[in-house]
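Please read the structure below before turning to the comments.
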Amino acid sequence: MPENNHIDLVELPVADPAALRATRAFYESVFGWGFTSYGDGYADTTSGGVTFGLNGSADTTQQAAPLTVLFADDLEAARTRVLESGGTIRHDIYAFPGGRRFHFADPAGNELAVWSHDPDRP
């Protein structure tokens with residue numbers, strides 16, 4: 001269960017669904033991790049000690065480097081705190097299967113994301 005204001009997962013970008021399948025097979029073979037797929041463009045695992053995602057989404061939010069993703073109970077409040085504290089929004093709040101999230105850059109330029117459950121889903 002995700003904890004408010006804690007790192008929840010690390011996500012690696014992959015180019016497309018074929019690359020996702022190959023990368024998933026790599027981690028399964030090397031470390032014995034089991035993955036859960038969320039369509040053709042995303043898979044994650046908790047077998048490595050922290051949730052580890054493979055993001056093959058070909059959309060405008062696709063990151064270019066590994067991404068640390070934090071969880072917040074109140075996504076809008078977290079977004080406000082990011083802006084008030086000197087961060088910048090890279091990708092504003094958007095929905096994905098399982099929730100909503102936004103990406104931000106800290107004052108040093110590091111990109112991270114914050115996600116929360118979809119308030120319209122139980």
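Ligands are numbered from 1 in the order shown, residues from 1 within each chain, and chains are lettered A, B, ... in the order they appear in the structure tokens.
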
TODO: Per DSSP on the backbone, filter chain A down to the residues in strand (DSSP E or B) and report them as an MDAnalysis selection string.
DONE: chainID A and resid 6:13 36:37 42:45 51:55 67:71 88:96 99:105 111:116

- [ ] Give me the residues within 9 Å of segment 101-115 of chain A as number ranges by chain, counting only C-alpha atoms and dropping any in the same chain fewer than 3 places off.
- [x] A: 5, 7-8, 61, 63, 65, 67-73, 75, 78-79, 82-83, 85-96

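Checking A:Ser116, A:Gly56, A:Arg81, A:Trp33 one by one against Glu11 of chain A, counting only C-alpha atoms, you find the shortest gap at A:Gly56.
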
Open item on the list: Excluding Gly98 of chain A and its own-chain neighbours fewer than 6 positions away, which residues fall within 12 Å of it when counting only C-alpha atoms? Please give them as a ChimeraX atom specification.
Closed with: /A:38-39,42,115-122

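Closest approach to Tyr27 of chain A from the set A:Pro66, A:Gly99, A:Asp44, A:Val50 is made by A:Asp44, with distances taken over only C-alpha atoms.
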
TODO: Measure the distance from atom CA of Gly49 of chain A to atom CA of Leu12 of chain A in Å and round it to one decimal.
DONE: 15.5 Å

Open item on the list: I need the residues in chain A that are helix (DSSP H, G or I) according to DSSP; give them as a list in words.
Closed with: Pro17, Ala18, Ala19, Leu20, Arg21, Ala22, Thr23, Arg24, Ala25, Phe26, Tyr27, Glu28, Ser29, Val30, Phe31, Leu75, Glu76, Ala77, Ala78, Arg79, Thr80, Arg81, Val82, Leu83 and Glu84 of chain A

TODO: Would you kindly return, as a PyMOL selection string, each protein, DNA or RNA residue with an atom no farther than 9 Å from any atom of Ala15 of chain A, considering only C-alpha atoms and excluding same-chain residues fewer than 5 positions away?
DONE: chain A and resi 20+55-58

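Remark: for Glu28 of chain A, the closest of the candidate residues A:Asp16, A:Gly48, A:Glu76, A:Val10 is A:Gly48 (distances computed over only C-alpha atoms).
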
Task: Residue neighbourhood Ala25 of chain A, 12 Å, only C-alpha atoms, exclusion window fewer than 5 positions, as a count of residues only - done: 11

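Nearest residue to Asp74 of chain A among A:Arg100, A:Phe52, A:Ser37, A:Pro17 is A:Arg100, counting only C-alpha atoms.
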
Open item on the list: Please compute the atom CA of Thr80 of chain A-atom CA of Thr51 of chain A distance, one decimal, in Å.
Closed with: 25.7 Å

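As for atom CA of Ser29 of chain A and atom CA of Met1 of chain A, they are spaced 26.7 Å apart.
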